[in-house]
Each structure stands twice: as structure tokens, then as C-alpha cells.
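run37.cif follows; it contains mmCIF, C-alpha atoms.
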data_start
#
loop_
_atom_site.label_atom_id
_atom_site.label_comp_id
_atom_site.auth_asym_id
_atom_site.auth_seq_id
_atom_site.Cartn_x
_atom_site.Cartn_y
_atom_site.Cartn_z
CA MET A 1 23.44 276.91 57.77
CA ASP A 2 20.32 275.31 59.22
CA PHE A 3 20.43 273.81 62.69
CA ILE A 4 20.87 270.03 62.68
CA ASP A 5 19.22 268.16 65.56
CA TYR A 6 21.69 265.38 66.28
CA TYR A 7 19.38 263.77 68.85
CA GLN A 8 16.64 263.48 66.25
CA ILE A 9 19.03 261.98 63.72
CA LEU A 10 19.94 259.19 66.16
CA GLY A 11 16.34 258.77 67.29
CA ILE A 12 17.06 259.52 70.97
CA ASN A 13 16.14 262.24 73.43
CA LYS A 14 18.38 264.69 75.26
CA SER A 15 18.37 262.59 78.42
CA ALA A 16 19.92 259.62 76.59
CA SER A 17 22.94 258.02 78.25
CA GLN A 18 26.25 257.48 76.49
CA ASP A 19 25.34 253.81 76.20
CA ASP A 20 22.04 254.76 74.56
CA ILE A 21 23.92 256.92 72.06
CA LYS A 22 26.34 254.11 71.27
CA LYS A 23 23.54 251.58 70.72
CA ALA A 24 21.53 253.96 68.55
CA TYR A 25 24.57 254.80 66.44
CA ARG A 26 25.62 251.20 65.89
CA LYS A 27 22.12 250.16 64.89
CA LEU A 28 21.68 252.98 62.38
CA ALA A 29 25.24 252.84 61.05
CA ARG A 30 24.85 249.17 60.27
CA LYS A 31 21.53 249.80 58.56
CA TYR A 32 22.77 252.63 56.33
CA HIS A 33 26.40 251.58 55.82
CA PRO A 34 27.39 252.16 52.15
CA ASP A 35 28.77 248.64 51.83
CA LEU A 36 25.33 247.30 52.67
CA ASN A 37 23.59 249.84 50.44
CA PRO A 38 25.74 250.08 47.27
CA ASN A 39 24.90 252.94 44.92
CA ASP A 40 22.25 254.23 47.30
CA VAL A 41 22.80 257.99 47.52
CA ALA A 42 20.11 258.46 50.17
CA ALA A 43 21.63 255.78 52.40
CA GLU A 44 25.10 257.33 52.04
CA LYS A 45 23.73 260.72 52.98
CA LYS A 46 21.98 259.24 56.00
CA PHE A 47 25.17 257.41 56.97
CA LYS A 48 27.11 260.69 57.00
CA GLU A 49 24.45 262.38 59.12
CA ILE A 50 24.52 259.50 61.60
CA ASN A 51 28.30 259.66 61.88
CA GLU A 52 28.20 263.43 62.32
CA ALA A 53 25.67 263.14 65.12
CA ASN A 54 27.66 260.39 66.81
CA GLU A 55 30.94 262.29 66.57
CA VAL A 56 29.37 265.14 68.53
CA LEU A 57 27.12 263.37 71.02
CA SER A 58 29.48 260.50 71.89
CA ASN A 59 32.04 263.02 73.11
CA PRO A 60 30.85 264.35 76.49
CA GLU A 61 32.64 267.69 76.07
CA ASN A 62 31.28 268.27 72.58
CA ARG A 63 27.84 267.17 73.68
CA LYS A 64 27.93 269.66 76.53
CA LYS A 65 28.86 272.48 74.15
CA TYR A 66 26.21 271.36 71.68
CA ASP A 67 23.54 271.32 74.39
CA GLN A 68 24.63 274.77 75.58
CA TYR A 69 25.26 276.63 72.31
CA GLY A 70 23.09 274.76 69.82
CA LYS A 71 24.12 275.44 66.21
CA ASP A 72 27.00 277.67 67.42
CA TRP A 73 28.49 275.00 69.67
CA LYS A 74 31.61 274.67 67.49
CA HIS A 75 32.54 278.27 68.14
CA ALA A 76 33.07 277.59 71.84
CA GLU A 77 36.48 278.11 73.42
CA GLN A 78 37.33 274.44 73.41
CA PHE A 79 36.88 274.01 69.67
CA GLU A 80 40.64 273.56 69.14
CA LYS A 81 40.54 270.41 71.24
CA ALA A 82 37.67 269.00 69.17
CA GLN A 83 39.64 269.84 66.01
CA GLN A 84 42.65 267.88 67.32
CA ASP A 85 40.52 264.89 68.33
CA TYR A 86 39.06 264.55 64.87
CA GLY A 87 42.10 265.82 62.96
CA ARG A 88 44.31 262.94 64.13
CA SER A 89 42.26 260.38 62.20
CA GLN A 90 41.35 262.54 59.21
CA SER A 91 43.37 264.35 56.54
CA THR A 92 41.16 267.14 55.35
CA GLY A 93 43.71 269.70 54.21
CA GLN A 94 41.46 272.50 55.54
CA SER A 95 42.43 275.43 57.72
CA PHE A 96 40.71 276.37 60.96
CA GLY A 97 41.50 280.06 61.24
CA GLY A 98 40.37 282.27 64.05
CA ASP A 99 37.53 283.54 61.89
CA PHE A 100 36.56 279.96 60.93
CA GLY A 101 37.26 280.68 57.31
CA GLY A 102 37.81 276.99 56.63
CA PHE A 103 34.07 276.30 56.81
CA SER A 104 32.05 276.21 53.65
CA SER A 105 28.73 277.97 53.59
CA GLY A 106 26.62 275.43 51.72
CA GLY A 107 26.00 271.70 51.41
CA ASP A 108 23.70 269.14 53.00
CA TYR A 109 25.71 268.65 56.20
CA SER A 110 27.03 270.92 58.88
CA ASP A 111 30.23 272.83 58.08
CA PHE A 112 31.90 271.16 61.03
CA PHE A 113 31.35 267.70 59.62
CA GLU A 114 32.48 268.67 56.12
CA SER A 115 35.62 270.27 57.48
CA LEU A 116 36.53 267.06 59.27
CA PHE A 117 35.61 264.42 56.70
CA GLY A 118 35.55 266.27 53.40
CA GLN A 119 32.68 266.25 50.93
CA GLY A 120 31.65 263.01 49.28
CA ARG A 121 32.95 259.48 49.68
CA ALA A 122 36.44 260.24 48.46
CA GLY A 123 37.29 262.10 51.64
CA PHE A 124 35.37 259.72 53.83
CA GLY A 125 36.28 256.36 52.39
CA SER A 126 39.57 255.78 54.19
CA GLN A 127 37.87 255.84 57.56
CA ARG A 128 34.80 253.90 56.41
CA GLN A 129 36.78 250.98 55.06
CA GLN A 130 38.40 250.38 58.42
CA VAL A 131 35.16 250.26 60.39
CA LYS A 132 33.93 246.75 61.19
CA PHE A 133 30.23 246.10 61.41
CA LYS A 134 28.28 243.07 62.51
CA GLY A 135 26.27 241.48 59.71
CA ALA A 136 22.51 241.87 59.60
CA ASP A 137 20.38 239.54 61.69
CA LEU A 138 18.12 237.16 59.78
CA SER A 139 14.70 235.78 60.70
CA ALA A 140 13.01 232.53 59.69
CA GLU A 141 9.86 230.64 60.61
CA LEU A 142 9.84 226.91 61.22
CA GLN A 143 6.47 225.15 61.10
CA LEU A 144 6.15 221.95 63.11
CA ASP A 145 3.33 219.61 64.03
CA LEU A 146 2.55 219.20 67.72
CA LYS A 147 3.37 215.52 67.45
CA GLU A 148 6.86 216.34 66.17
CA ILE A 149 7.83 218.30 69.25
CA PHE A 150 6.74 215.63 71.70
CA HIS A 151 10.28 214.28 71.37
CA THR A 152 13.61 216.05 70.93
CA HIS A 153 14.72 215.68 67.33
CA LYS A 154 17.05 217.12 64.71
CA ARG A 155 16.08 219.18 61.71
CA THR A 156 18.07 220.68 58.84
CA LEU A 157 17.21 224.18 57.60
CA THR A 158 18.50 225.86 54.47
CA ILE A 159 19.13 229.57 55.02
CA ASN A 160 20.77 231.67 52.27
CA GLY A 161 21.95 228.51 50.57
CA LYS A 162 23.56 227.11 53.72
CA ASN A 163 22.35 224.02 55.57
CA ILE A 164 21.98 224.49 59.31
CA ARG A 165 21.57 221.43 61.52
CA LEU A 166 19.32 222.11 64.50
CA THR A 167 18.45 220.13 67.59
CA ILE A 168 14.86 221.00 68.48
CA PRO A 169 14.12 220.31 72.15
CA ALA A 170 10.84 218.67 73.04
CA GLY A 171 8.20 221.03 74.35
CA VAL A 172 8.98 224.19 72.37
CA GLU A 173 6.11 226.68 72.42
CA ASN A 174 4.14 228.15 69.56
CA GLY A 175 5.63 231.57 68.79
CA GLN A 176 8.83 230.82 70.70
CA VAL A 177 11.95 232.42 69.23
CA ILE A 178 15.45 231.00 69.49
CA LYS A 179 18.71 232.66 68.45
CA ILE A 180 21.43 230.84 66.54
CA LYS A 181 24.56 232.91 66.93
CA GLY A 182 26.65 233.68 63.87
CA HIS A 183 24.26 232.27 61.25
CA GLY A 184 22.97 235.62 59.98
CA ALA A 185 24.41 237.75 57.19
CA GLU A 186 28.18 238.06 56.86
CA GLY A 187 29.90 240.89 58.67
CA VAL A 188 31.25 243.96 56.91
CA ASN A 189 35.00 244.64 56.73
CA GLY A 190 35.79 241.59 58.81
CA GLY A 191 33.08 242.21 61.40
CA PRO A 192 31.23 239.28 63.04
CA ASN A 193 28.33 237.60 61.31
CA GLY A 194 24.80 238.47 62.33
CA ASP A 195 22.53 236.05 64.17
CA LEU A 196 19.63 233.92 62.98
CA TYR A 197 16.31 234.16 64.84
CA ILE A 198 13.92 231.26 64.32
CA THR A 199 10.25 231.53 65.28
CA PHE A 200 8.39 228.27 65.85
CA LYS A 201 4.88 227.88 64.50
CA ILE A 202 3.27 224.83 66.08
CA ILE A 203 0.30 223.26 64.29
CA ASN A 204 -2.04 221.26 66.53
CA ASN A 205 -4.03 218.65 64.63
CA THR A 206 -4.72 216.52 67.69
CA PRO A 207 -7.82 216.29 69.92
CA PHE A 208 -5.76 217.68 72.79
CA LYS A 209 -5.54 221.32 73.78
CA ARG A 210 -2.19 222.47 75.07
CA HIS A 211 -1.31 225.12 77.61
CA GLU A 212 2.41 225.20 78.36
CA SER A 213 3.18 221.61 79.43
CA ASN A 214 -0.39 220.61 80.35
CA LEU A 215 -2.85 218.92 78.00
CA TYR A 216 -6.64 218.97 78.06
CA SER A 217 -9.18 216.66 76.44
CA ASN A 218 -12.85 215.69 76.62
CA VAL A 219 -14.00 212.10 77.05
CA ASP A 220 -17.54 210.91 76.37
CA LEU A 221 -19.05 208.82 79.16
CA ASP A 222 -22.25 206.80 78.74
CA LEU A 223 -25.04 207.38 81.22
CA TYR A 224 -24.88 203.91 82.71
CA THR A 225 -21.15 204.03 83.46
CA ALA A 226 -21.61 207.49 84.96
CA LEU A 227 -24.37 206.17 87.23
CA LEU A 228 -22.94 202.79 88.16
CA GLY A 229 -19.20 203.41 87.73
CA GLY A 230 -16.78 201.16 85.91
CA ASP A 231 -13.55 200.98 83.96
CA ILE A 232 -12.90 202.88 80.73
CA THR A 233 -9.93 203.27 78.36
CA VAL A 234 -8.88 206.79 77.36
CA ASN A 235 -6.29 208.14 74.95
CA THR A 236 -3.26 210.06 76.16
CA PHE A 237 -0.84 211.84 73.83
CA ASP A 238 1.44 208.82 73.53
CA GLY A 239 -0.81 205.85 74.28
CA LYS A 240 -3.86 204.56 76.14
CA VAL A 241 -4.54 204.19 79.86
CA LYS A 242 -7.35 202.64 81.90
CA LEU A 243 -9.37 204.77 84.30
CA LYS A 244 -11.80 203.81 87.01
CA VAL A 245 -14.97 205.90 86.95
CA LYS A 246 -16.64 206.45 90.29
CA PRO A 247 -20.38 205.70 90.60
CA GLU A 248 -22.69 208.71 90.20
CA THR A 249 -20.10 210.79 88.37
CA PRO A 250 -21.63 214.19 87.42
CA ASN A 251 -21.41 215.65 83.93
CA GLY A 252 -18.38 217.93 83.54
CA THR A 253 -16.28 216.11 86.13
CA LYS A 254 -12.56 216.71 85.65
CA VAL A 255 -9.81 214.25 86.47
CA ARG A 256 -6.07 214.80 86.38
CA LEU A 257 -3.57 212.27 85.11
CA ARG A 258 -0.18 213.17 86.51
CA ASP A 259 2.78 213.27 84.13
CA LYS A 260 0.60 212.37 81.14
CA GLY A 261 0.83 215.83 79.61
CA PHE A 262 3.44 217.42 77.35
CA PRO A 263 7.22 217.44 77.88
CA LYS A 264 8.54 220.42 79.81
CA TYR A 265 10.88 222.52 77.69
CA LYS A 266 14.53 221.64 78.32
CA LYS A 267 13.62 219.60 81.41
CA GLU A 268 14.54 216.08 80.43
CA GLY A 269 12.09 213.46 81.67
CA GLN A 270 9.62 215.96 83.14
CA PHE A 271 6.04 216.21 81.90
CA GLY A 272 2.96 218.24 82.60
CA ASP A 273 -0.41 216.73 83.44
CA LEU A 274 -3.37 215.59 81.35
CA TYR A 275 -6.76 216.97 82.41
CA ILE A 276 -9.81 215.03 81.24
CA THR A 277 -13.36 216.36 81.34
CA TYR A 278 -16.23 213.85 81.25
CA ASN A 279 -19.13 214.56 78.92
CA ILE A 280 -22.07 212.31 79.80
CA LYS A 281 -23.92 211.19 76.70
CA MET A 282 -27.65 210.60 76.98
CA PRO A 283 -28.93 207.37 75.35
CA LYS A 284 -30.93 207.71 72.16
CA ASN A 285 -33.45 205.54 70.31
CA LEU A 286 -34.69 203.86 73.50
CA SER A 287 -36.53 200.59 73.09
CA GLU A 288 -39.95 200.06 74.69
CA LYS A 289 -38.35 197.80 77.28
CA GLU A 290 -35.79 200.50 78.17
CA LYS A 291 -38.53 203.09 78.48
CA GLU A 292 -40.51 200.82 80.82
CA LEU A 293 -37.46 200.27 83.00
CA ILE A 294 -36.71 204.01 83.18
CA LYS A 295 -40.34 204.69 84.14
CA GLU A 296 -40.07 202.06 86.84
CA LEU A 297 -36.85 203.66 88.07
CA ALA A 298 -38.57 207.06 88.17
CA LYS A 299 -41.38 205.65 90.27
CA ILE A 300 -38.87 204.19 92.70
CA ARG A 301 -36.97 207.50 92.97
CA ASN A 302 -40.16 209.48 93.55
CA SER A 303 -41.83 207.11 96.00
#

What does the file become when written as C-alpha cells?
Amino acid sequence: MDFIDYYQILGINKSASQDDIKKAYRKLARKYHPDLNPNDVAAEKKFKEINEANEVLSNPENRKKYDQYGKDWKHAEQFEKAQQDYGRSQSTGQSFGGDFGGFSSGGDYSDFFESLFGQGRAGFGSQRQQVKFKGADLSAELQLDLKEIFHTHKRTLTINGKNIRLTIPAGVENGQVIKIKGHGAEGVNGGPNGDLYITFKIINNTPFKRHESNLYSNVDLDLYTALLGGDITVNTFDGKVKLKVKPETPNGTKVRLRDKGFPKYKKEGQFGDLYITYNIKMPKNLSEKEKELIKELAKIRNS
């Protein structure tokens, strides 16, 4: 019989903790469980291998013997105890003589596993049917416009034919994932349902750039207002506000409008800031009179 690497079957290394073994086993057992893979011979075979590996590695004494003796671990002195541990929950009808005559010499699995569970599903089914497994987790993507998430609102999703009513908090992020417990696939053999993971895809069709709860925008400023100062009206995400421009404002000047940004996620009534950058626009199509005045201004500045 070829040596079976139980660590490799579970996808763990030899330094794995008992908790690591348990997590690896549960994940793989759920994936390859025959009830979730009907009429899949390869999945059933993999399921048996996973269970065999778990039966050995989850038992500290068996794991110690396996690490020490390798493929001959079951011939160690304490084998009788391992036989009793497994024999209580299985009815194999096989004999474990002193010369280990009860082991078969062929097959796809180790003789130890076959002696405990029998060959094929008939000998394994009674145990399998009593094992409860959590249902598979499901994933979905929800596309929303940036304007939609400025306010908390409700949305109904249809997943696997079931309507799920969601409350979407204002300020969710693009790519953010939320978990809705118990709305995944149904559990197996009375196990709990899986969970539903929703990923938000936020589409921004506004002139504002968003970073977390702060917003950024550019505002064009005419040359004369930049030089002389004055009042202007600018757009915020949810309305308009008046700003006072200081005289001799340079191009690229940034101003911050407190609490005029985006809602902070799950912080009711709290907002980020709006940052505005001034872009000074040079006048075009100057009249002759305007050109004369600018020339006169240049003479004054250079005198």
C-alpha cells in the first residue's frame, strides 16, 4: 500500500494546530460532501480521503504515531485503542488479529480506513447521514449610483428565488463587502444555512471625486474675480452654497467646506469635507478696448 500524506490531503503542514486541522477538514468536507455532489464519484472519493486524514490527524495520539511511524503508524502498540475509538461508531464486521489479517491489500484508500468504514457508500452512509454541515456561502454584487448612497435607503434583492430586504447605510464604499447571516444555501442534514456576501459596486457619475467621506471638485474662476475678489455660488453634493473669494487668489488655490462632503459610514449625521480647487480661466476674444486697458495696466505695473 502506498503512503498517504494526510497533511497534503487537508492542505496543511506538519506544524498545523488542532484548530487548523479542524478548520481545514470542515471546509473540505463541506465542499466534497456527497449530498452536495450527487453522483460525483470523484467527490465521494475525495470526501473519504478527507475523512480518513481527519480521523488520524484530529486525534493527538494517532497523529503522534503517524508522525513517528509514517505509513506503519497503525502497527504501533496503541493501535487497539484507536480501533476501539473508531469501532464504537462503526460496524465493520472485520477482525483485527495480531497479524493484522483484517486489512485488505488493495483499494484506493489506506487499509486502516477501509477496515473502519468499509468499502463504498454502503458501509459509510450511516455515519454520513448523521453529520450536519453548514450550507455553502453565496456571493452577489449590488451596483449602486453614488447619489443613491448619499442617504440610507432600503433595497430588495432576489437571491435564489427569495426576496431579501436590505437596509443600505449611507456612505458605503466601493468594493465594500457585507455579510447577511443565514441567507446562503440551505444546510445539509439539518445544518445551519450558509451566509450571503454582498459586494457593493459604486458608480460615480457626478463631477465630484470621492475618497472615503471627503469629496473633491474643481471650480472655474474668472480672472477678474480672482484679482479683485467677490462672491460666487458653487455646487455641493446636495445643493448650492455661496463663497467669498479673496482678492488676488492664485490659480490652484484650495478651500475646504466643512461637513459638505459625503456621509460617514454608520455615523448618523456626520459628514466629511468638500475640497474645492480654483481653476482661473483666462479671458478670450478680447475687444480692442480691453486690450488697451490691459496694456495700460501693464505700464502701471512696470513703471

Fill in: Residues selected by the PyMOL selection byres ((chain A and resi 254) around 10), written as number ranges by chain
A: 216-219, 249-253, 255-256, 275-279

Item to complete: For the structure shown, which residues end up in the PyMOL selection byres ((chain A and resi 214) around 9)? Put them as a PyMOL selection string, please?
Response: chain A and resi 209-213+215-216+259-264+271-275

Worksheet item: Do you know which residues are at most 7 Å from region 160-173 of chain A counting all atoms listed in the file, after dropping those on the same chain fewer than 6 positions away, and could you put them as a PyMOL selection string?
Response: chain A and resi 149-154+262-266

Item to complete: Return as a PyMOL selection string the set of residues that the PyMOL selection byres ((chain A and resi 12) around 12) yields on the displayed structure.
Response: chain A and resi 5-11+13-25+28+50+53-54+57

Could you please take those selected residues and save C-alpha atoms as a PDB file, keeping the file's coordinate frame?
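Listed below is the output, result14.pdb:
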ATOM      1  CA  ASP A   5      19.220 268.160  65.560  1.00  0.00           C
ATOM      2  CA  TYR A   6      21.690 265.380  66.280  1.00  0.00           C
ATOM      3  CA  TYR A   7      19.380 263.770  68.850  1.00  0.00           C
ATOM      4  CA  GLN A   8      16.640 263.480  66.250  1.00  0.00           C
ATOM      5  CA  ILE A   9      19.030 261.980  63.720  1.00  0.00           C
ATOM      6  CA  LEU A  10      19.940 259.190  66.160  1.00  0.00           C
ATOM      7  CA  GLY A  11      16.340 258.770  67.290  1.00  0.00           C
ATOM      8  CA  ASN A  13      16.140 262.240  73.430  1.00  0.00           C
ATOM      9  CA  LYS A  14      18.380 264.690  75.260  1.00  0.00           C
ATOM     10  CA  SER A  15      18.370 262.590  78.420  1.00  0.00           C
ATOM     11  CA  ALA A  16      19.920 259.620  76.590  1.00  0.00           C
ATOM     12  CA  SER A  17      22.940 258.020  78.250  1.00  0.00           C
ATOM     13  CA  GLN A  18      26.250 257.480  76.490  1.00  0.00           C
ATOM     14  CA  ASP A  19      25.340 253.810  76.200  1.00  0.00           C
ATOM     15  CA  ASP A  20      22.040 254.760  74.560  1.00  0.00           C
ATOM     16  CA  ILE A  21      23.920 256.920  72.060  1.00  0.00           C
ATOM     17  CA  LYS A  22      26.340 254.110  71.270  1.00  0.00           C
ATOM     18  CA  LYS A  23      23.540 251.580  70.720  1.00  0.00           C
ATOM     19  CA  ALA A  24      21.530 253.960  68.550  1.00  0.00           C
ATOM     20  CA  TYR A  25      24.570 254.800  66.440  1.00  0.00           C
ATOM     21  CA  LEU A  28      21.680 252.980  62.380  1.00  0.00           C
ATOM     22  CA  ILE A  50      24.520 259.500  61.600  1.00  0.00           C
ATOM     23  CA  ALA A  53      25.670 263.140  65.120  1.00  0.00           C
ATOM     24  CA  ASN A  54      27.660 260.390  66.810  1.00  0.00           C
ATOM     25  CA  LEU A  57      27.120 263.370  71.020  1.00  0.00           C
TER      26      LEU A  57
END

Worksheet item: Using all atoms listed in the file, which residues sit within 8 Å of region 40-49 of chain A once same-chain residues fewer than 6 positions away are excluded, as JSON, numbers by chain?
Response: {"A": [9, 28, 29, 32, 33, 34, 109]}

Region 206-222 of chain A: axis-aligned bounding box, 4 Å on each side, centre and edge lengths in Å, one decimal, as lines of an AutoDock Vina configuration file:
center_x = -9.5
center_y = 216.0
center_z = 74.0
size_x = 33.4
size_y = 26.4
size_z = 20.7

Practice prompt. Kindly indicate which residue among A:Lys267, A:Lys299, A:His183, A:Arg26 lies nearest to Leu157 (chain A), using all atoms listed in the file for the distances.
Written response: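 Nearest candidate to Leu157 (chain A) out of A:Lys267, A:Lys299, A:His183, A:Arg26: A:His183.
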
Fill in: Distance in Å - CA of Phe200 (chain A) versus CA of Ile178 (chain A)
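Taking CA of Phe200 (chain A) as the start and CA of Ile178 (chain A) as the end point, the length is 8.4 Å.
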
Worksheet item: Please, what distance in Å, to one decimal, runs between CA of Glu248 (chain A) and CA of Gly229 (chain A)?
Response: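 Taking CA of Glu248 (chain A) and CA of Gly229 (chain A), their separation equals 6.8 Å.
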
Item to complete: Determine, counting all atoms listed in the file, every residue of protein, DNA or RNA that lies within 12 Å of (25.4, 246.5, 56.6) in the file coordinates, then give the result as a PyMOL selection string.
Response: chain A and resi 26-38+43-44+47+128+131-137+184-194

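Put simply, CA of Ala140 (chain A) is 7.5 Å away from CA of Leu196 (chain A).
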
Excluding same-chain residues fewer than 3 positions from Val245 (chain A), what lies within 8 Å of it counting all atoms listed in the file, as a short mmCIF file (atom, residue, chain, number, x, y, z; two decimals) with C-alpha atoms, in the frame of the given file?
data_model
loop_
_atom_site.label_atom_id
_atom_site.label_comp_id
_atom_site.auth_asym_id
_atom_site.auth_seq_id
_atom_site.Cartn_x
_atom_site.Cartn_y
_atom_site.Cartn_z
CA THR A 225 -21.15 204.03 83.46
CA ALA A 226 -21.61 207.49 84.96
CA GLY A 229 -19.20 203.41 87.73
CA GLY A 230 -16.78 201.16 85.91
CA ASP A 231 -13.55 200.98 83.96
CA ILE A 232 -12.90 202.88 80.73
CA THR A 249 -20.10 210.79 88.37
#
